[in-house]
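Asks: Please find entry.cif (mmCIF, C-alpha atoms) on the next line:
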```
data_final
loop_
_atom_site.label_atom_id
_atom_site.label_comp_id
_atom_site.auth_asym_id
_atom_site.auth_seq_id
_atom_site.Cartn_x
_atom_site.Cartn_y
_atom_site.Cartn_z
CA MET A 1 76.53 46.09 17.38
CA ILE A 2 78.97 47.43 19.91
CA PRO A 3 79.69 44.85 22.64
CA VAL A 4 79.54 46.54 26.02
CA MET A 5 80.30 44.93 29.37
CA CYS A 6 78.79 46.65 32.38
CA ILE A 7 79.87 45.39 35.79
CA VAL A 8 78.05 46.64 38.87
CA GLN A 9 77.95 45.59 42.49
CA GLU A 10 74.80 43.84 43.73
CA GLY A 11 72.29 46.26 45.22
CA GLN A 12 74.15 49.24 43.87
CA VAL A 13 72.01 50.08 40.85
CA SER A 14 68.22 50.06 41.00
CA LYS A 15 66.16 48.63 38.15
CA PRO A 16 65.11 52.10 36.92
CA ALA A 17 68.74 53.23 37.05
CA GLU A 18 69.78 50.08 35.18
CA ARG A 19 67.23 50.80 32.45
CA ALA A 20 68.34 54.42 32.24
CA LEU A 21 72.02 53.50 32.11
CA LYS A 22 71.46 50.93 29.38
CA SER A 23 69.42 53.44 27.39
CA GLU A 24 72.07 56.14 27.76
CA ILE A 25 74.86 53.76 26.77
CA GLY A 26 72.83 52.73 23.73
CA GLY A 27 72.48 56.38 22.75
CA PHE A 28 76.20 56.85 23.30
CA THR A 29 77.23 54.00 21.00
CA ARG A 30 74.84 55.21 18.31
CA ARG A 31 76.33 58.71 18.46
CA ALA A 32 79.94 57.59 18.73
CA PHE A 33 79.98 54.51 16.53
CA ASN A 34 76.73 54.65 14.58
CA ALA A 35 75.76 51.26 16.03
CA PRO A 36 73.54 50.01 18.85
CA ALA A 37 74.97 48.60 22.06
CA ASP A 38 74.89 44.91 22.91
CA ILE A 39 75.11 45.18 26.69
CA ASP A 40 76.26 42.33 28.88
CA TRP A 41 75.04 43.33 32.36
CA ILE A 42 77.11 41.61 35.03
CA VAL A 43 76.29 41.88 38.72
CA VAL A 44 78.99 41.12 41.27
CA PRO A 45 77.29 39.30 44.15
CA THR A 46 77.34 40.88 47.59
CA GLY A 47 80.59 40.09 49.35
CA SER A 48 82.30 39.18 46.11
CA GLY A 49 83.63 42.50 44.84
CA PHE A 50 86.80 44.11 46.15
CA THR A 51 88.74 47.23 45.24
CA ALA A 52 92.02 47.84 47.06
CA ALA A 53 91.09 44.68 49.03
CA ARG A 54 88.04 46.42 50.47
CA PRO A 55 84.37 45.97 49.54
CA SER A 56 83.99 47.50 46.11
CA THR A 57 81.61 50.17 44.94
CA THR A 58 83.15 50.26 41.48
CA VAL A 59 81.11 50.40 38.29
CA ILE A 60 82.91 49.30 35.13
CA ALA A 61 81.78 49.98 31.57
CA SER A 62 83.98 48.47 28.89
CA LEU A 63 83.34 48.34 25.18
CA HIS A 64 84.97 47.46 21.88
CA ALA A 65 84.90 50.19 19.27
CA ASN A 66 84.10 49.31 15.68
CA ARG A 67 87.01 51.39 14.36
CA ASP A 68 90.44 52.43 15.53
CA LEU A 69 90.38 55.60 17.61
CA ALA A 70 92.86 58.43 17.82
CA GLU A 71 94.00 59.30 21.34
CA ASN A 72 92.09 62.58 21.59
CA GLU A 73 88.85 61.03 20.42
CA ARG A 74 89.24 58.06 22.76
CA VAL A 75 89.79 60.33 25.76
CA SER A 76 86.71 62.34 24.87
CA LEU A 77 84.60 59.19 24.48
CA LEU A 78 85.95 57.67 27.70
CA ARG A 79 84.96 60.84 29.52
CA GLN A 80 81.48 60.87 27.97
CA LEU A 81 80.95 57.25 28.97
CA ALA A 82 82.21 57.89 32.48
CA ASP A 83 79.89 60.89 32.80
CA ILE A 84 76.93 58.71 31.81
CA CYS A 85 77.86 56.08 34.39
CA MET A 86 78.32 58.65 37.14
CA ARG A 87 75.07 60.43 36.33
CA GLU A 88 72.92 57.30 36.13
CA THR A 89 74.46 55.42 39.09
CA GLY A 90 75.25 58.32 41.39
CA ARG A 91 78.83 57.10 41.78
CA SER A 92 81.88 59.36 41.93
CA ALA A 93 84.59 59.53 39.30
CA HIS A 94 86.81 57.31 41.43
CA GLU A 95 84.12 54.63 41.52
CA VAL A 96 83.74 54.49 37.74
CA VAL A 97 86.12 52.73 35.35
CA THR A 98 85.61 53.00 31.61
CA SER A 99 87.49 51.29 28.83
CA ILE A 100 87.20 51.64 25.07
CA ARG A 101 89.24 49.13 23.11
CA ASN A 102 90.09 49.06 19.45
CA PRO A 103 88.51 46.33 17.35
CA GLY A 104 90.23 43.00 16.98
CA MET B 1 92.73 48.34 36.26
CA PRO B 2 93.98 45.73 36.88
CA LEU B 3 90.71 43.87 36.88
CA TYR B 4 90.83 40.31 38.19
CA MET B 5 87.65 38.36 37.45
CA CYS B 6 87.48 34.97 39.13
CA ASN B 7 84.85 32.49 38.02
CA ALA B 8 84.42 29.23 39.93
CA VAL B 9 82.15 26.25 39.99
CA SER B 10 79.47 26.99 42.57
CA GLY B 11 80.69 26.26 46.09
CA THR B 12 84.35 25.91 45.15
CA ILE B 13 85.49 29.11 46.85
CA PRO B 14 84.03 29.58 50.34
CA GLU B 15 82.49 32.99 51.01
CA THR B 16 84.94 33.48 53.87
CA ALA B 17 87.91 32.96 51.56
CA LYS B 18 87.03 35.63 49.01
CA ALA B 19 88.20 38.63 51.04
CA LYS B 20 91.45 36.83 51.85
CA ILE B 21 92.09 35.94 48.22
CA ALA B 22 91.24 39.49 47.16
CA ALA B 23 93.75 40.79 49.70
CA ASP B 24 96.35 38.34 48.40
CA ILE B 25 95.69 39.39 44.81
CA THR B 26 96.03 43.04 45.77
CA ASP B 27 99.23 42.44 47.72
CA ILE B 28 100.74 40.24 45.01
CA HIS B 29 99.87 42.63 42.20
CA CYS B 30 101.26 45.66 44.03
CA GLU B 31 104.42 43.86 45.14
CA ILE B 32 105.22 42.64 41.65
CA THR B 33 104.21 45.68 39.62
CA GLY B 34 104.43 48.59 42.06
CA ALA B 35 100.90 49.65 41.12
CA PRO B 36 98.77 51.58 43.63
CA ARG B 37 96.38 49.41 45.66
CA GLY B 38 93.44 51.58 44.67
CA PHE B 39 93.80 50.42 41.07
CA VAL B 40 93.29 46.74 41.93
CA HIS B 41 89.80 45.27 41.45
CA ALA B 42 89.06 41.63 42.26
CA PHE B 43 85.57 40.29 41.53
CA PHE B 44 84.32 36.75 42.20
CA PHE B 45 81.58 34.93 40.33
CA GLU B 46 80.09 31.46 40.29
CA ASP B 47 79.24 29.70 37.03
CA ALA B 48 79.29 32.97 35.11
CA PRO B 49 78.80 32.23 31.40
CA GLN B 50 81.06 35.13 30.36
CA LEU B 51 84.11 33.41 31.85
CA PRO B 52 84.11 29.77 30.68
CA ILE B 53 85.68 27.41 33.20
CA ASN B 54 86.11 24.67 30.58
CA GLY B 55 85.93 21.68 32.88
CA LYS B 56 88.22 23.06 35.58
CA SER B 57 87.12 24.40 38.99
CA VAL B 58 88.38 27.97 38.79
CA PHE B 59 89.14 30.37 35.94
CA LEU B 60 90.68 33.70 36.79
CA PHE B 61 91.01 36.27 34.04
CA ALA B 62 93.18 39.32 34.61
CA SER B 63 93.11 42.49 32.52
CA LEU B 64 96.42 44.23 33.12
CA ARG B 65 97.81 47.53 31.99
CA GLY B 66 100.12 46.88 29.07
CA GLY B 67 103.85 47.01 29.69
CA ARG B 68 104.25 44.26 32.26
CA THR B 69 107.08 41.86 31.50
CA VAL B 70 106.62 38.16 30.82
CA GLU B 71 108.39 37.47 34.12
CA GLN B 72 106.04 39.76 36.03
CA LYS B 73 102.98 38.14 34.49
CA GLN B 74 104.28 34.64 35.18
CA ALA B 75 104.95 35.58 38.81
CA LEU B 76 101.45 37.03 39.11
CA VAL B 77 99.90 33.87 37.72
CA ASN B 78 101.94 31.53 39.92
CA ARG B 79 101.40 33.42 43.15
CA ILE B 80 97.68 33.97 42.59
CA LYS B 81 97.21 30.28 41.80
CA ALA B 82 99.00 29.50 45.05
CA SER B 83 96.67 31.83 46.94
CA LEU B 84 93.58 30.17 45.48
CA HIS B 85 95.05 26.78 46.38
CA GLN B 86 95.92 27.81 49.93
CA ARG B 87 92.80 29.86 50.75
CA ALA B 88 90.14 27.73 49.05
CA GLY B 89 91.78 24.32 48.94
CA VAL B 90 91.46 24.09 45.17
CA PRO B 91 94.05 21.76 43.57
CA LEU B 92 96.52 23.70 41.44
CA SER B 93 95.63 21.49 38.48
CA GLU B 94 92.03 22.76 38.72
CA ILE B 95 92.96 26.45 38.49
CA VAL B 96 93.44 28.31 35.21
CA VAL B 97 94.73 31.88 35.24
CA ASP B 98 94.99 33.94 32.07
CA THR B 99 96.00 37.52 31.47
CA THR B 100 95.45 40.10 28.77
CA ASP B 101 97.23 43.40 28.23
CA VAL B 102 95.21 46.58 27.86
CA PRO B 103 96.98 49.83 26.98
CA ALA B 104 96.72 52.28 29.86
CA SER B 105 95.50 54.94 27.46
CA TRP B 106 92.40 52.85 26.72
CA VAL B 107 91.18 53.05 30.33
CA MET B 108 89.82 55.90 32.41
CA GLU B 109 89.50 55.89 36.17
CA GLY B 110 88.92 58.83 38.46
CA GLY B 111 88.04 60.94 35.43
CA ASP B 112 91.50 60.61 33.88
CA VAL B 113 93.22 58.17 31.57
CA LEU B 114 95.34 55.73 33.57
CA PRO B 115 99.08 56.35 33.73
CA GLU B 116 101.56 54.07 32.03
CA PRO B 117 103.16 51.53 34.37
CA GLY B 118 105.88 53.24 36.38
CA GLN B 119 104.43 56.70 35.81
CA GLU B 120 101.81 56.63 38.54
CA ASP B 121 103.25 59.31 40.84
CA ALA B 122 101.89 62.35 39.02
CA TRP B 123 98.53 60.66 38.55
CA LEU B 124 98.31 59.77 42.21
CA GLU B 125 99.31 63.27 43.25
CA ALA B 126 96.47 64.69 41.17
CA HIS B 127 94.03 62.23 42.72
CA GLN B 128 95.33 62.34 46.26
CA GLY B 129 92.63 61.73 48.82
CA ALA B 130 90.08 60.44 46.36
CA MET B 131 91.48 56.98 45.72
CA ALA B 132 89.86 53.97 47.30
#
```
Spell out the structure here as structure tokens.
Replies:
Amino acid sequence: MIPVMCIVQEGQVSKPAERALKSEIGGFTRRAFNAPADIDWIVVPTGSGFTAARPSTTVIASLHANRDLAENERVSLLRQLADICMRETGRSAHEVVTSIRNPG
Amino acid sequence: MPLYMCNAVSGTIPETAKAKIAADITDIHCEITGAPRGFVHAFFFEDAPQLPINGKSVFLFASLRGGRTVEQKQALVNRIKASLHQRAGVPLSEIVVDTTDVPASWVMEGGDVLPEPGQEDAWLEAHQGAMA
């Protein structure tokens, strides 16, 4: 399993969009790491999320890879994951943060 | 990035204090590190199982771009604890702040990998107008 943490702001992502995003992330981890995603879906309550000290619209998707990644591959995977988040949430590139960490 | 995730026992941090603490965190982080304000995320939770409070009242976990000095991180911790104490009235002994370093190259924001600390100018120029 690939542990994935998804952080969204309350009211930002509808239930259908949540299902679609989780499904797409699951497909992504299978393609990239040959393993299903174990998604921890975290909702920031209204009035509790801030970016640049202003109400946040940021979506964060962070995962731990199951192998060390070379820089070029990591950048490609980060971009693929960001594209999925943007497509499924309707957020812009500057509202999406992705992180892929090495194991350990 | 940075991402500050603050978990508190329900009712410990008044709703009205969260924006002030988030502003403090943003100011403190940018003053100490020189990072752009648009990079700073501060999220508040209550009794979130992902961030164990371990018997205290507040646990704040900060994911920072790697490369900060020990002195910078200690200053961040001390000043943010002071903000939580001042804004929410939480005793300092009830606040735990921890940090972890994440290489900038492991994080993407705005469609590009984050710059290393101190190398933000070119990144910001490329993203001018789009930052939060």
Asks: Using 7 Å as the limit and counting only C-alpha atoms, can you tabulate each residue of chain A that touches chain B, with its shortest atom-to-atom distance in Å and the two atoms involved, as JSON lines?
Replies:
```
{"residue": "A:Val44", "atom": "CA", "partner": "B:Phe43", "partner_atom": "CA", "distance": 6.6}
{"residue": "A:Ser48", "atom": "CA", "partner": "B:Phe44", "partner_atom": "CA", "distance": 5.0}
{"residue": "A:Gly49", "atom": "CA", "partner": "B:Phe43", "partner_atom": "CA", "distance": 4.4}
{"residue": "A:Phe50", "atom": "CA", "partner": "B:Ala42", "partner_atom": "CA", "distance": 5.1}
{"residue": "A:Thr51", "atom": "CA", "partner": "B:His41", "partner_atom": "CA", "distance": 4.4}
{"residue": "A:Ala52", "atom": "CA", "partner": "B:Gly38", "partner_atom": "CA", "distance": 4.7}
{"residue": "A:Ala53", "atom": "CA", "partner": "B:Ala23", "partner_atom": "CA", "distance": 4.8}
{"residue": "A:Leu78", "atom": "CA", "partner": "B:Met108", "partner_atom": "CA", "distance": 6.3}
{"residue": "A:Arg79", "atom": "CA", "partner": "B:Gly111", "partner_atom": "CA", "distance": 6.7}
{"residue": "A:Ala93", "atom": "CA", "partner": "B:Gly110", "partner_atom": "CA", "distance": 4.5}
{"residue": "A:His94", "atom": "CA", "partner": "B:Gly110", "partner_atom": "CA", "distance": 3.9}
{"residue": "A:Val96", "atom": "CA", "partner": "B:Glu109", "partner_atom": "CA", "distance": 6.1}
{"residue": "A:Val97", "atom": "CA", "partner": "B:Glu109", "partner_atom": "CA", "distance": 4.7}
{"residue": "A:Thr98", "atom": "CA", "partner": "B:Met108", "partner_atom": "CA", "distance": 5.2}
{"residue": "A:Ser99", "atom": "CA", "partner": "B:Val107", "partner_atom": "CA", "distance": 4.4}
{"residue": "A:Ile100", "atom": "CA", "partner": "B:Trp106", "partner_atom": "CA", "distance": 5.6}
{"residue": "A:Arg101", "atom": "CA", "partner": "B:Trp106", "partner_atom": "CA", "distance": 6.1}
```
Asks: What are the centre and the three edge lengths of an axis-aligned box that wraps all atoms of segment 37-48 of chain A in the file, given that 3 Å is added to every side, written as AutoDock Vina command-line options and rounded to one decimal in Å?
Replies:
```
--center_x 78.6 --center_y 43.9 --center_z 35.7 --size_x 13.4 --size_y 15.4 --size_z 33.3
```
Asks: Kindly resolve the PyMOL selection byres ((chain A and resi 17) around 12) on the present coordinates and return the residues as a list of chain:residue names.
Replies: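 Residues picked by the PyMOL selection byres ((chain A and resi 17) around 12): A:Val8, A:Gly11, A:Gln12, A:Val13, A:Ser14, A:Lys15, A:Pro16, A:Glu18, A:Arg19, A:Ala20, A:Leu21, A:Lys22, A:Ser23, A:Glu24, A:Ile25, A:Ile84, A:Cys85, A:Met86, A:Arg87, A:Glu88, A:Thr89, A:Gly90, A:Arg91.
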Asks: What's around His64 of chain A at 9 Å? Count all atoms listed in the file, leave out sequence neighbours fewer than 3 positions away in its own chain, and write the answer as a list in words.
Replies: Ile2, Pro3, Val4, Arg67, Ser99, Ile100, Arg101, Asn102, Pro103 and Gly104 of chain A
Asks: Which is closer to Ala35 of chain A than all the others in A:Ala82, A:Met5, A:Val75, A:Ala65, using all atoms listed in the file?
Replies: A:Ala65
Asks: Taking the file as shown, find all residues satisfying the PyMOL selection byres ((chain A and resi 7) around 9) and write them as number ranges by chain.
Replies: A: 5-6, 8-9, 40-44, 58-62
Asks: Do you have the atom CA of Gly66 of chain B-atom CA of Glu31 of chain B distance handy?
Replies: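 It comes out at 16.9 Å.
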Asks: Given the file shown, enumerate the residues that the PyMOL selection byres ((chain B and resi 9) around 12) captures and present them as a ChimeraX atom specification.
Replies: /B:6-8,10-14,44-49,51-60,90,94-95
Asks: Could you jot down the atom CA of Ile32 of chain B to atom CA of Glu95 of chain A separation for me, Å, one decimal place?
Replies: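 About the pair atom CA of Ile32 of chain B and atom CA of Glu95 of chain A: they are 24.3 Å apart.
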Asks: Looking at B:His29, B:Arg65, B:Lys73, B:Lys81, which one is nearest to Gln119 of chain B, with distances taken over all atoms listed in the file?
Replies: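 Going through B:His29, B:Arg65, B:Lys73, B:Lys81 one by one, the smallest distance to Gln119 of chain B is for B:Arg65.
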Asks: How many Å lie between atom CA of Val96 of chain B and atom CA of Leu84 of chain B, rounded to one decimal?
Replies: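 Answer for the atom CA of Val96 of chain B to atom CA of Leu84 of chain B separation: 10.4 Å.
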Asks: Between B:Ala35, B:Val97, B:Leu92, B:Leu124, single out the one closest to Ala75 of chain B, counting only C-alpha atoms.
Replies: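 Looking at the shortest contact to Ala75 of chain B, the residue is B:Val97.
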Asks: Restricting the calculation to only C-alpha atoms, which member of B:Gly34, B:Ile28, B:Val77, B:Ala126 is positioned closest to Thr100 of chain B?
Replies: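 Using only C-alpha atoms, Thr100 of chain B sits closest to B:Val77.
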Asks: Between A:Thr57, A:Gln80, A:Asn72, A:Asn66, which has the minimum distance to Pro36 of chain A (counting all atoms listed in the file)?
Replies: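 The shortest atom-to-atom distance to Pro36 of chain A comes from A:Asn66.
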